[in-house]
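Engineer: Below is final.txt; it holds compact mmCIF, C-alpha atoms and all ligand atoms.
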# COMPACT_ATOMS: atom_id res chain seq x y z
CA MET A 19 72.44 -56.92 45.60
CA ASN A 20 76.06 -57.86 46.32
CA LYS A 21 77.16 -54.53 44.95
CA LEU A 22 74.72 -52.65 47.18
CA PHE A 23 75.82 -54.72 50.14
CA SER A 24 79.46 -53.80 49.47
CA PHE A 25 78.45 -50.12 49.28
CA ALA A 26 76.62 -50.44 52.58
CA ARG A 27 79.73 -51.96 54.16
CA LEU A 28 81.95 -49.22 52.73
CA ALA A 29 79.53 -46.53 53.88
CA HIS A 30 79.51 -48.02 57.37
CA SER A 31 83.31 -47.96 57.39
CA TYR A 32 83.40 -44.41 56.04
CA PHE A 33 81.05 -43.00 58.67
CA ASN A 34 82.92 -44.83 61.36
CA GLY A 35 86.06 -43.06 60.04
CA VAL A 36 84.32 -39.68 60.14
CA SER A 37 83.24 -40.16 63.74
CA GLN A 38 86.79 -41.18 64.70
CA ASN A 39 88.12 -38.01 63.05
CA LEU A 40 85.72 -35.89 65.06
CA LEU A 41 86.59 -37.65 68.31
CA TYR A 42 90.28 -37.16 67.62
CA TYR A 43 89.92 -33.57 66.48
CA PHE A 44 87.90 -32.41 69.48
CA PHE A 45 88.97 -34.77 72.29
CA LYS A 46 92.23 -36.34 71.07
CA ILE A 47 90.68 -39.82 71.33
CA GLU A 48 92.86 -42.19 69.31
CA PRO A 49 91.21 -44.16 66.45
CA VAL A 50 90.43 -47.84 66.99
CA ARG A 51 89.57 -48.93 63.45
CA TYR A 52 91.05 -48.15 60.05
CA SER A 53 88.78 -48.29 57.00
CA ASN A 54 91.39 -48.49 54.19
CA ALA A 55 94.56 -50.47 53.76
CA VAL A 56 96.85 -49.81 50.82
CA PHE A 57 98.85 -53.01 50.47
CA LEU A 58 102.06 -52.66 48.40
CA ILE A 59 102.49 -56.39 47.97
CA ASN A 60 105.61 -56.11 45.82
CA THR A 61 108.11 -53.66 44.39
CA GLN A 62 108.89 -55.65 41.24
CA CYS A 63 107.56 -53.81 38.21
CA ASN A 64 107.56 -54.04 34.44
CA SER A 65 107.15 -50.26 34.05
CA ARG A 66 109.82 -47.64 34.72
CA CYS A 67 107.69 -44.68 35.74
CA ALA A 68 109.35 -41.29 35.86
CA MET A 69 107.44 -40.37 39.05
CA CYS A 70 108.42 -43.53 40.91
CA SER A 71 111.77 -44.42 42.43
CA SER A 72 110.77 -47.56 44.27
CA TYR A 73 110.33 -50.11 41.50
CA THR A 74 112.73 -53.03 41.31
CA ILE A 75 113.56 -55.43 38.47
CA LYS A 76 113.37 -58.48 40.76
CA PRO A 77 111.49 -59.01 44.02
CA LEU A 78 113.31 -57.37 46.95
CA PRO A 79 114.85 -59.60 49.60
CA GLY A 80 112.56 -59.45 52.62
CA GLU A 81 109.38 -59.26 50.54
CA MET A 82 106.52 -60.95 52.38
CA THR A 83 106.03 -64.62 51.60
CA THR A 84 102.63 -65.99 50.58
CA GLU A 85 102.01 -67.15 54.16
CA GLN A 86 102.92 -63.75 55.55
CA VAL A 87 100.59 -61.98 53.12
CA ILE A 88 97.76 -64.38 54.01
CA ASP A 89 98.43 -63.85 57.71
CA THR A 90 98.34 -60.06 57.19
CA LEU A 91 95.01 -60.34 55.34
CA ASN A 92 93.61 -62.34 58.28
CA LYS A 93 94.79 -59.61 60.67
CA LEU A 94 93.21 -56.88 58.52
CA LYS A 95 89.90 -58.72 58.36
CA LYS A 96 89.95 -59.23 62.12
CA HIS A 97 90.75 -55.54 62.65
CA ASN A 98 87.77 -54.35 60.60
CA SER A 99 85.47 -56.78 58.80
CA ASN A 100 84.48 -53.96 56.39
CA ILE A 101 88.02 -52.80 55.63
CA LYS A 102 88.80 -52.02 51.98
CA ILE A 103 92.16 -53.29 50.79
CA SER A 104 93.80 -51.80 47.68
CA PHE A 105 96.48 -53.99 46.17
CA VAL A 106 99.22 -51.93 44.57
CA GLY A 107 102.93 -52.42 43.85
CA GLY A 108 105.27 -52.46 42.04
CA GLU A 109 103.01 -54.28 39.70
CA PRO A 110 100.88 -56.60 41.86
CA THR A 111 99.94 -58.98 39.02
CA LEU A 112 103.63 -59.97 38.73
CA ARG A 113 103.48 -61.83 42.04
CA PRO A 114 103.27 -65.53 41.17
CA ASP A 115 100.92 -66.09 44.13
CA PHE A 116 98.58 -63.21 43.23
CA ASP A 117 95.75 -65.58 42.32
CA LEU A 118 96.05 -67.31 45.68
CA ILE A 119 96.09 -63.97 47.53
CA LEU A 120 92.93 -62.80 45.77
CA GLY A 121 91.29 -66.19 46.37
CA HIS A 122 91.91 -65.73 50.09
CA CYS A 123 90.33 -62.26 50.03
CA ASN A 124 87.30 -63.71 48.28
CA LYS A 125 87.09 -66.52 50.85
CA LEU A 126 87.22 -63.99 53.71
CA ASN A 127 84.67 -61.75 51.97
CA ILE A 128 87.12 -58.84 52.01
CA ILE A 129 86.31 -55.80 49.86
CA PHE A 130 89.37 -55.32 47.68
CA THR A 131 90.53 -53.35 44.68
CA ILE A 132 93.55 -53.71 42.41
CA VAL A 133 95.66 -51.07 40.70
CA THR A 134 97.57 -52.48 37.75
CA ASN A 135 99.53 -51.06 34.83
CA GLY A 136 97.66 -53.56 32.63
CA ILE A 137 100.77 -54.65 30.71
CA ILE A 138 100.39 -58.39 31.29
CA LEU A 139 96.63 -58.48 31.67
CA ASN A 140 95.89 -61.14 29.07
CA GLU A 141 92.60 -63.08 28.82
CA ASN A 142 93.64 -65.73 31.34
CA LYS A 143 94.86 -63.29 33.93
CA ALA A 144 91.85 -61.02 33.49
CA GLU A 145 89.45 -63.93 33.93
CA ASN A 146 91.29 -65.28 36.98
CA ILE A 147 91.22 -61.87 38.63
CA LEU A 148 87.54 -61.27 37.94
CA LEU A 149 86.51 -64.69 39.22
CA HIS A 150 87.76 -63.61 42.65
CA LYS A 151 85.19 -60.79 42.62
CA PRO A 152 87.26 -57.68 43.27
CA PHE A 153 85.22 -54.61 44.04
CA ALA A 154 87.22 -52.70 41.42
CA VAL A 155 90.14 -53.06 39.03
CA HIS A 156 91.84 -49.80 38.08
CA VAL A 157 94.18 -49.83 35.08
CA SER A 158 96.76 -47.05 34.85
CA LEU A 159 96.76 -45.23 31.53
CA ASP A 160 98.37 -41.80 31.31
CA SER A 161 98.44 -41.27 27.58
CA LEU A 162 97.11 -42.60 24.30
CA ASP A 163 100.26 -41.50 22.53
CA LYS A 164 103.20 -43.90 22.20
CA ASP A 165 105.94 -41.32 22.91
CA THR A 166 104.17 -39.57 25.78
CA TYR A 167 103.30 -42.89 27.40
CA LYS A 168 106.94 -43.93 27.17
CA LYS A 169 108.13 -40.64 28.66
CA ILE A 170 105.88 -41.14 31.69
CA ARG A 171 105.90 -44.92 32.13
CA GLY A 172 109.39 -45.60 30.75
CA VAL A 173 108.27 -48.48 28.51
CA ASP A 174 106.81 -48.72 25.03
CA ARG A 175 103.57 -50.52 25.94
CA VAL A 176 100.67 -48.17 25.33
CA GLU A 177 99.07 -50.34 22.64
CA SER A 178 99.18 -53.47 24.83
CA VAL A 179 97.60 -51.58 27.70
CA LYS A 180 94.78 -50.22 25.52
CA THR A 181 94.13 -53.73 24.16
CA ASN A 182 94.22 -55.26 27.62
CA ILE A 183 91.73 -52.73 29.00
CA ASN A 184 89.38 -53.83 26.24
CA ILE A 185 89.99 -57.50 27.03
CA LEU A 186 89.28 -56.92 30.71
CA ILE A 187 86.04 -55.11 29.96
CA GLN A 188 84.89 -57.76 27.49
CA ILE A 189 85.63 -60.58 29.90
CA ALA A 190 83.83 -58.78 32.71
CA LYS A 191 80.84 -58.53 30.39
CA LYS A 192 81.03 -62.20 29.45
CA LEU A 193 81.21 -63.24 33.13
CA ARG A 194 78.47 -60.76 34.08
CA SER A 195 80.96 -59.54 36.64
CA LYS A 196 79.93 -56.76 39.02
CA THR A 197 83.53 -55.56 39.30
CA PHE A 198 84.01 -51.91 38.54
CA ILE A 199 86.62 -51.48 35.78
CA GLY A 200 88.19 -48.06 35.87
CA ILE A 201 91.07 -46.15 34.33
CA LYS A 202 93.51 -44.25 36.52
CA THR A 203 95.44 -41.36 35.03
CA VAL A 204 98.28 -39.53 36.72
CA ILE A 205 98.34 -35.91 35.57
CA THR A 206 101.81 -34.66 34.72
CA SER A 207 103.46 -31.95 32.63
CA GLU A 208 103.75 -34.54 29.82
CA ASN A 209 100.06 -35.46 29.45
CA ILE A 210 98.19 -32.40 30.69
CA ASN A 211 97.06 -31.58 27.13
CA GLU A 212 95.36 -34.93 26.62
CA ILE A 213 93.50 -35.29 29.91
CA SER A 214 90.10 -34.83 28.29
CA ASN A 215 91.01 -37.21 25.41
CA LEU A 216 91.58 -39.93 27.98
CA SER A 217 88.02 -39.54 29.23
CA ASP A 218 86.85 -39.97 25.60
CA PHE A 219 88.85 -43.18 25.45
CA ALA A 220 87.32 -44.42 28.73
CA GLN A 221 83.88 -43.69 27.30
CA SER A 222 84.63 -45.41 23.99
CA VAL A 223 85.73 -48.69 25.62
CA LYS A 224 82.81 -48.52 28.08
CA ALA A 225 84.98 -48.42 31.18
CA GLY A 226 83.16 -47.80 34.45
CA GLY A 227 84.95 -44.49 34.79
CA ILE A 228 88.21 -42.59 34.80
CA HIS A 229 89.85 -41.14 37.87
CA TYR A 230 92.55 -38.50 37.55
CA GLN A 231 95.28 -38.15 40.12
CA PRO A 232 97.57 -35.13 40.08
CA VAL A 233 101.18 -36.28 40.28
CA LEU A 234 102.32 -36.62 43.87
CA VAL A 235 105.64 -34.90 44.52
CA PHE A 236 107.63 -36.78 47.13
CA SER A 237 110.38 -34.16 47.45
CA GLU A 238 111.91 -31.40 45.35
CA ASP A 239 114.82 -33.60 44.27
CA HIS A 240 112.58 -36.55 43.40
CA GLY A 241 111.76 -37.41 39.74
CA SER A 242 108.11 -36.60 40.45
CA ALA A 243 108.94 -32.88 40.99
CA ARG A 244 109.98 -32.52 37.33
CA LEU A 245 106.56 -33.80 36.26
CA MET A 246 104.53 -31.12 38.01
CA PRO A 247 102.60 -29.35 35.24
CA LYS A 248 103.33 -25.65 35.09
CA GLN A 249 101.29 -24.90 31.95
CA SER A 250 98.58 -22.95 33.80
CA GLU A 251 96.61 -22.07 30.66
CA GLU A 252 96.44 -25.72 29.59
CA ILE A 253 95.56 -26.84 33.14
CA ASN A 254 92.65 -24.38 33.27
CA LYS A 255 91.52 -25.41 29.80
CA GLN A 256 91.46 -29.10 30.67
CA VAL A 257 89.78 -28.54 34.05
CA ASN A 258 87.09 -26.46 32.35
CA ILE A 259 86.47 -29.16 29.73
CA LEU A 260 86.03 -31.78 32.44
CA LEU A 261 83.79 -29.52 34.55
CA GLU A 262 81.65 -28.79 31.52
CA ARG A 263 81.31 -32.50 30.80
CA ILE A 264 80.25 -33.25 34.36
CA LYS A 265 77.74 -30.42 34.17
CA ASN A 266 76.36 -32.05 31.00
CA ASN A 267 75.84 -35.28 32.90
CA ASN A 268 78.96 -37.09 31.77
CA LYS A 269 79.28 -40.03 34.20
CA ILE A 270 82.65 -41.31 33.13
CA ILE A 271 84.70 -38.76 35.12
CA LEU A 272 84.94 -39.96 38.72
CA ASN A 273 86.60 -36.94 40.30
CA SER A 274 84.24 -34.68 42.15
CA ILE A 275 83.83 -31.06 41.08
CA SER A 276 85.58 -29.85 44.23
CA ASN A 277 88.49 -32.19 43.52
CA LEU A 278 88.86 -30.86 39.96
CA LYS A 279 88.74 -27.30 41.22
CA SER A 280 91.61 -28.00 43.63
CA TRP A 281 94.03 -28.90 40.84
CA THR A 282 95.00 -25.40 39.83
CA LYS A 283 96.14 -24.46 43.35
CA TYR A 284 97.81 -27.80 43.81
CA PHE A 285 99.86 -27.44 40.63
CA GLU A 286 100.70 -23.84 41.49
CA GLY A 287 102.07 -25.14 44.77
CA SER A 288 100.08 -22.66 46.79
CA ILE A 289 99.94 -23.99 50.31
CA GLU A 290 96.56 -23.85 51.89
CA LYS A 291 96.75 -23.76 55.65
CA ARG A 292 94.56 -26.50 56.99
CA ARG A 293 93.56 -27.49 60.46
CA PHE A 294 93.52 -31.20 59.96
CA CYS A 295 94.65 -33.90 57.50
CA SER A 296 92.72 -37.13 58.03
CA THR A 297 94.93 -39.40 55.88
CA SER A 298 96.73 -40.94 58.85
CA MET A 299 93.40 -41.57 60.59
CA GLN A 300 91.87 -43.56 57.72
CA ASN A 301 94.63 -45.27 55.76
CA ILE A 302 97.35 -47.67 56.62
CA PHE A 303 100.04 -48.33 54.05
CA ILE A 304 101.53 -51.81 54.28
CA MET A 305 104.91 -52.09 52.55
CA SER A 306 106.12 -55.21 50.75
CA ASP A 307 108.28 -56.20 53.74
CA GLY A 308 105.46 -55.72 56.27
CA LYS A 309 106.39 -52.26 57.54
CA ILE A 310 103.40 -50.00 58.13
CA LYS A 311 103.18 -46.26 57.44
CA LEU A 312 100.31 -43.86 58.08
CA CYS A 313 101.03 -41.64 55.08
CA GLU A 314 102.71 -42.65 51.85
CA ARG A 315 104.70 -39.41 51.68
CA TYR A 316 106.41 -39.92 55.03
CA ASP A 317 109.30 -42.35 55.46
CA GLU A 318 108.52 -43.02 59.11
CA THR A 319 106.97 -46.39 59.88
CA ILE A 320 104.96 -47.37 62.95
CA GLY A 321 106.35 -50.90 63.05
CA ASN A 322 106.26 -54.14 61.11
CA ILE A 323 103.07 -56.19 61.01
CA LEU A 324 105.17 -59.36 61.01
CA ASN A 325 106.27 -58.50 64.56
CA TYR A 326 102.78 -57.81 65.90
CA ASP A 327 99.96 -60.22 66.51
CA SER A 328 97.27 -57.79 65.40
CA ILE A 329 96.64 -54.52 63.56
CA ASP A 330 94.97 -53.27 66.76
CA SER A 331 98.23 -53.52 68.69
CA ILE A 332 100.34 -51.81 66.02
CA ILE A 333 98.01 -48.81 65.64
CA LYS A 334 98.00 -48.28 69.40
CA ASN A 335 101.79 -48.21 69.82
CA ASN A 336 103.72 -45.06 70.71
CA ASN A 337 105.07 -44.49 67.20
CA ALA A 338 101.54 -44.54 65.82
CA ILE A 339 100.40 -41.99 68.40
CA ILE A 340 103.36 -39.69 67.65
CA HIS A 341 102.97 -40.01 63.86
CA ARG A 342 99.24 -39.33 63.91
CA LYS A 343 99.88 -36.19 65.93
CA MET A 344 102.48 -35.03 63.41
CA MET A 345 100.49 -35.99 60.30
CA THR A 346 97.07 -34.72 61.30
CA SER A 347 98.61 -31.26 61.58
CA CYS A 348 100.75 -31.67 58.43
CA GLN A 349 100.80 -28.51 56.32
CA ARG A 350 101.50 -30.04 52.92
CA HIS A 351 98.74 -29.57 50.40
CA CYS A 352 98.10 -33.08 49.13
CA SER A 353 95.50 -34.60 51.42
CA PHE A 354 92.82 -34.27 48.74
CA ILE A 355 94.74 -36.82 46.66
CA PHE A 356 94.48 -39.51 49.33
CA SER A 357 91.25 -38.65 51.07
CA ARG A 358 87.91 -38.66 49.35
CA GLY A 359 85.31 -36.40 50.89
CA ILE A 360 81.64 -37.15 51.36
CA LYS A 361 80.78 -35.48 48.00
CA ASP A 362 83.19 -37.81 46.17
CA TYR A 363 81.58 -40.86 47.75
CA ILE A 364 78.03 -39.76 47.04
CA SER A 365 78.81 -39.07 43.37
CA LEU A 366 80.62 -42.44 43.08
CA VAL A 367 77.71 -44.35 44.61
CA ILE A 368 75.20 -42.66 42.30
CA ARG A 369 77.32 -43.44 39.24
CA HIS A 370 77.90 -47.05 40.28
CA ILE A 371 74.21 -47.69 40.90
CA ARG A 372 73.30 -46.19 37.54
CA ASN A 373 75.89 -48.34 35.70
S1 LIG B 401 98.95 -33.40 53.97
FE1 LIG B 401 98.24 -35.40 54.72
S2 LIG B 401 98.47 -36.70 52.91
FE2 LIG B 401 99.76 -34.93 52.53
S3 LIG B 401 101.81 -35.48 53.33
FE3 LIG B 401 100.69 -34.46 54.97
S4 LIG B 401 99.81 -36.15 56.17
FE4 LIG B 401 100.34 -36.96 54.16
Would you mind giving the structure from this file in C-alpha cells?

Structural biologist:
Amino acid sequence: MNKLFSFARLAHSYFNGVSQNLLYYFFKIEPVRYSNAVFLINTQCNSRCAMCSSYTIKPLPGEMTTEQVIDTLNKLKKHNSNIKISFVGGEPTLRPDFDLILGHCNKLNIIFTIVTNGIILNENKAENILLHKPFAVHVSLDSLDKDTYKKIRGVDRVESVKTNINILIQIAKKLRSKTFIGIKTVITSENINEISNLSDFAQSVKAGGIHYQPVLVFSEDHGSARLMPKQSEEINKQVNILLERIKNNNKIILNSISNLKSWTKYFEGSIEKRRFCSTSMQNIFIMSDGKIKLCERYDETIGNILNYDSIDSIIKNNNAIIHRKMMTSCQRHCSFIFSRGIKDYISLVIRHIRN
C-alpha cells in the first residue's frame, strides 16, 4: 500500500511537471514547483572514476553541515511535499551524518533514493539505510571483471561491490523492505561488450532491476570524452540483445525501448535538433556547498540555498529565469539521460507492481 501511495505521489508530481512544461512552452509561464532534486551531499569519494573529475579525498571546505542539510530538506519538503530527492555524491554513504539525514527524510515522509558505489555497504550500513525506508537504492556496477572495473572506477573493488549488492538484497528480504534495489551501469568504451552480462548478474542476484546510463560527456577535454564508446558494431549487438530480452518479457532491464534505441545516435554524436529540453524545468541539482544548478552539465548556478529562505524564492530569481530560457532551448543531445518520458514511467510502475 505504501509503495502504491509513493507511486501515486510521484505520478502526481510528474503530471504537475508535464503541465508546467506545456505552460512554459506555449505561454512562457515560469514553473512554480520542481518534482526532482538531485542532492550532491558530498564530494568525498572512495572511487576514482575515469568519467568524474569532481571527487575529493577529504570533504571540501564549505560542504554543508548537518544542520544546513536538514534545513535544505525542510525547504525542499515545503516547496513540494511530493518531491523526490536523489542522494548522490561523491559517495553519500561516507558522510558520517548520513544516517541522521535519512532519518530526517523518513520523519518528513520524503520520497528519496540513494545512488552508492556500494564499496562500504556492509550489513550494518545496509540495514541502517533500509530501516529509513528509501524508495530505492541504486548500486553502481559497471563491470563484473576486475581489470575493467578498475579501469572505469579507478579502484580494485569489484568483488566487494558484488558481495555488498548481495548483502543489501538479503537484508531487504529479511526486513521485508519495500525498497527497490537496483543496479546502475554507466556505459563506456571499456564495458560496452559486457552490458548484457550485467543484466544476467542483476537477474541472478534478484535485484529489482538494472538501469543503464550512457556515459555523459561534460566537454571534449574532460576524461568522460575518452570513454565514449565508438565500437558501433558492438553497441548495436548489445542494444539488440537487450531489446530482444525486453521483447521476451525480461523485467530486469529498466530502460525503455525508446531509450535503448537512442543510444546509437547518442554514441555517434549525431545532434538531433530539438525544440525543448525539459531538464531545467523538472530537476534542481543541489551541490555540496548549497549552490543550485538547473542542469548538471552547465557550470552556471542560480544561487545558494543557504542564502535563500525558500526554494520558491531561488527558482523565481532572475538567474533562474535566464538559465531556464537558455537550457530549455539547449541543442546538446543528452536530455534523454536526465529526463524520463511517460513510457519509461509506465514501464517502471508495471515492473515495480509485479515485483
Ligand atoms: S540538452 Fe538538456 S540535459 Fe543536456 S545539457 Fe542541454 S539542458 Fe542539460

Engineer: For ligand LIG 401 (chain B), list the contacting residues at 10 Å or closer, counting all atoms listed in the file, as a ChimeraX atom specification.

Structural biologist: /A:234-236,292,294-299,301,312-316,341-357

Engineer: Neighbouring residues of segment 91-104 of chain A were defined as those with any atom within 9 Å, considering only C-alpha atoms; residues of the same chain fewer than 6 positions away were excluded. Please report them as a PyMOL selection string.

Structural biologist: chain A and resi 24+27-28+30-31+50-58+119+122-123+126-133+323+327-330

Engineer: Rounded to one decimal place, report the atom CA of Ser207 of chain A-atom CA of Phe285 of chain A distance in Å.

Structural biologist: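 Taking atom CA of Ser207 of chain A as the start and atom CA of Phe285 of chain A as the end point, the length is 9.9 Å.
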
Engineer: Quick one: contact table of segment 106-185 of chain A to segment 71-80 of chain A, 9 Å max, nearest atom pair and distance in Å to one decimal per residue, counting all atoms listed in the file, chain and number order, as CSV?

Structural biologist:
residue,atom,partner,partner_atom,distance
A:Gly107,CA,A:Tyr73,CA,8.1
A:Gly108,CA,A:Tyr73,CA,5.6
A:Glu109,CA,A:Tyr73,CA,8.6
A:Arg113,CA,A:Pro77,CA,8.7

Engineer: What does the distance between atom CA of Thr134 of chain A and atom CA of Ser158 of chain A come to in Å, to one decimal place?

Structural biologist: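 Interatomic distance, atom CA of Thr134 of chain A to atom CA of Ser158 of chain A: 6.2 Å.
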
Engineer: What are the centre and edge lengths in Å, to one decimal, of the axis-aligned box around all listed atoms of segment 255-270 of chain A with 6 Å added on each side, as lines of an AutoDock Vina configuration file?

Structural biologist:
center_x = 83.7
center_y = -33.4
center_z = 32.1
size_x = 27.7
size_y = 27.9
size_z = 16.8

Engineer: Applying 10 Å and all atoms listed in the file, which residues near Asn322 of chain A remain after dropping the ones on its own chain fewer than 6 positions away? List them as a PyMOL selection string.

Structural biologist: chain A and resi 304-305+307-311+329+332

Engineer: Between atom CA of Asn337 of chain A and atom CA of Ile320 of chain A, what distance in Å does the model show, to one decimal?

Structural biologist: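 Between these atoms lies a distance of 5.1 Å.
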
Engineer: For Val204 of chain A, list every protein, DNA or RNA residue within 10 Å, evaluated using only C-alpha atoms, and leave out those in the same chain fewer than 6 positions away; present the list as JSON, numbers by chain.

Structural biologist: {"A": [69, 158, 159, 160, 161, 170, 210, 213, 229, 230, 231, 232, 233, 234]}

Engineer: Near Asn124 of chain A, counting all atoms listed in the file, which residues have an atom at most 8 Å away, once you skip same-chain residues fewer than 4 positions from it, shown as a list of chain:residue names?

Structural biologist: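 In the requested form, the answer reads A:Leu120, A:Ile128, A:His150, A:Lys151, A:Pro152.
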
Engineer: N, CA and C atoms are what I want for segment 88-110 of chain A; can you complete it accordingly and write them as a PDB file, in the frame of the given file?

Structural biologist:
ATOM      1  N   ILE A  88      99.040 -63.800  53.576  1.00  0.00           N
ATOM      2  CA  ILE A  88      97.760 -64.380  54.010  1.00  0.00           C
ATOM      3  C   ILE A  88      97.501 -64.044  55.481  1.00  0.00           C
ATOM      4  N   ASP A  89      98.557 -64.154  56.286  1.00  0.00           N
ATOM      5  CA  ASP A  89      98.430 -63.850  57.710  1.00  0.00           C
ATOM      6  C   ASP A  89      98.059 -62.370  57.908  1.00  0.00           C
ATOM      7  N   THR A  90      98.647 -61.495  57.094  1.00  0.00           N
ATOM      8  CA  THR A  90      98.340 -60.060  57.190  1.00  0.00           C
ATOM      9  C   THR A  90      96.887 -59.804  56.785  1.00  0.00           C
ATOM     10  N   LEU A  91      96.422 -60.496  55.756  1.00  0.00           N
ATOM     11  CA  LEU A  91      95.010 -60.340  55.340  1.00  0.00           C
ATOM     12  C   LEU A  91      94.081 -60.772  56.479  1.00  0.00           C
ATOM     13  N   ASN A  92      94.439 -61.878  57.149  1.00  0.00           N
ATOM     14  CA  ASN A  92      93.610 -62.340  58.280  1.00  0.00           C
ATOM     15  C   ASN A  92      93.566 -61.274  59.373  1.00  0.00           C
ATOM     16  N   LYS A  93      94.727 -60.654  59.619  1.00  0.00           N
ATOM     17  CA  LYS A  93      94.790 -59.610  60.670  1.00  0.00           C
ATOM     18  C   LYS A  93      93.952 -58.398  60.268  1.00  0.00           C
ATOM     19  N   LEU A  94      93.990 -58.048  58.983  1.00  0.00           N
ATOM     20  CA  LEU A  94      93.210 -56.880  58.520  1.00  0.00           C
ATOM     21  C   LEU A  94      91.720 -57.156  58.654  1.00  0.00           C
ATOM     22  N   LYS A  95      91.316 -58.362  58.287  1.00  0.00           N
ATOM     23  CA  LYS A  95      89.900 -58.720  58.360  1.00  0.00           C
ATOM     24  C   LYS A  95      89.428 -58.707  59.820  1.00  0.00           C
ATOM     25  N   LYS A  96      90.302 -59.196  60.706  1.00  0.00           N
ATOM     26  CA  LYS A  96      89.950 -59.230  62.120  1.00  0.00           C
ATOM     27  C   LYS A  96      89.861 -57.800  62.680  1.00  0.00           C
ATOM     28  N   HIS A  97      90.731 -56.934  62.175  1.00  0.00           N
ATOM     29  CA  HIS A  97      90.750 -55.540  62.650  1.00  0.00           C
ATOM     30  C   HIS A  97      89.446 -54.820  62.288  1.00  0.00           C
ATOM     31  N   ASN A  98      89.019 -54.999  61.037  1.00  0.00           N
ATOM     32  CA  ASN A  98      87.770 -54.350  60.600  1.00  0.00           C
ATOM     33  C   ASN A  98      87.162 -55.219  59.500  1.00  0.00           C
ATOM     34  N   SER A  99      86.046 -55.846  59.780  1.00  0.00           N
ATOM     35  CA  SER A  99      85.470 -56.780  58.800  1.00  0.00           C
ATOM     36  C   SER A  99      85.022 -56.059  57.528  1.00  0.00           C
ATOM     37  N   ASN A 100      84.878 -54.723  57.591  1.00  0.00           N
ATOM     38  CA  ASN A 100      84.480 -53.960  56.390  1.00  0.00           C
ATOM     39  C   ASN A 100      85.650 -53.201  55.777  1.00  0.00           C
ATOM     40  N   ILE A 101      86.864 -53.547  56.157  1.00  0.00           N
ATOM     41  CA  ILE A 101      88.020 -52.800  55.630  1.00  0.00           C
ATOM     42  C   ILE A 101      88.113 -52.967  54.112  1.00  0.00           C
ATOM     43  N   LYS A 102      88.562 -51.905  53.439  1.00  0.00           N
ATOM     44  CA  LYS A 102      88.800 -52.020  51.980  1.00  0.00           C
ATOM     45  C   LYS A 102      90.312 -52.105  51.778  1.00  0.00           C
ATOM     46  N   ILE A 103      90.725 -53.129  51.052  1.00  0.00           N
ATOM     47  CA  ILE A 103      92.160 -53.290  50.790  1.00  0.00           C
ATOM     48  C   ILE A 103      92.432 -52.970  49.319  1.00  0.00           C
ATOM     49  N   SER A 104      93.393 -52.090  49.070  1.00  0.00           N
ATOM     50  CA  SER A 104      93.800 -51.800  47.680  1.00  0.00           C
ATOM     51  C   SER A 104      95.154 -52.433  47.446  1.00  0.00           C
ATOM     52  N   PHE A 105      95.202 -53.357  46.502  1.00  0.00           N
ATOM     53  CA  PHE A 105      96.480 -53.990  46.170  1.00  0.00           C
ATOM     54  C   PHE A 105      97.204 -53.149  45.128  1.00  0.00           C
ATOM     55  N   VAL A 106      98.409 -52.710  45.498  1.00  0.00           N
ATOM     56  CA  VAL A 106      99.220 -51.930  44.570  1.00  0.00           C
ATOM     57  C   VAL A 106     100.640 -52.496  44.609  1.00  0.00           C
ATOM     58  N   GLY A 107     101.560 -51.925  43.836  1.00  0.00           N
ATOM     59  CA  GLY A 107     102.930 -52.420  43.850  1.00  0.00           C
ATOM     60  C   GLY A 107     103.905 -51.260  43.803  1.00  0.00           C
ATOM     61  N   GLY A 108     104.991 -51.492  43.070  1.00  0.00           N
ATOM     62  CA  GLY A 108     105.270 -52.460  42.040  1.00  0.00           C
ATOM     63  C   GLY A 108     104.079 -52.689  41.109  1.00  0.00           C
ATOM     64  N   GLU A 109     104.141 -53.847  40.501  1.00  0.00           N
ATOM     65  CA  GLU A 109     103.010 -54.280  39.700  1.00  0.00           C
ATOM     66  C   GLU A 109     102.485 -55.556  40.361  1.00  0.00           C
ATOM     67  N   PRO A 110     101.333 -55.464  41.045  1.00  0.00           N
ATOM     68  CA  PRO A 110     100.880 -56.600  41.860  1.00  0.00           C
ATOM     69  C   PRO A 110     100.659 -57.878  41.064  1.00  0.00           C
TER      70      PRO A 110
END
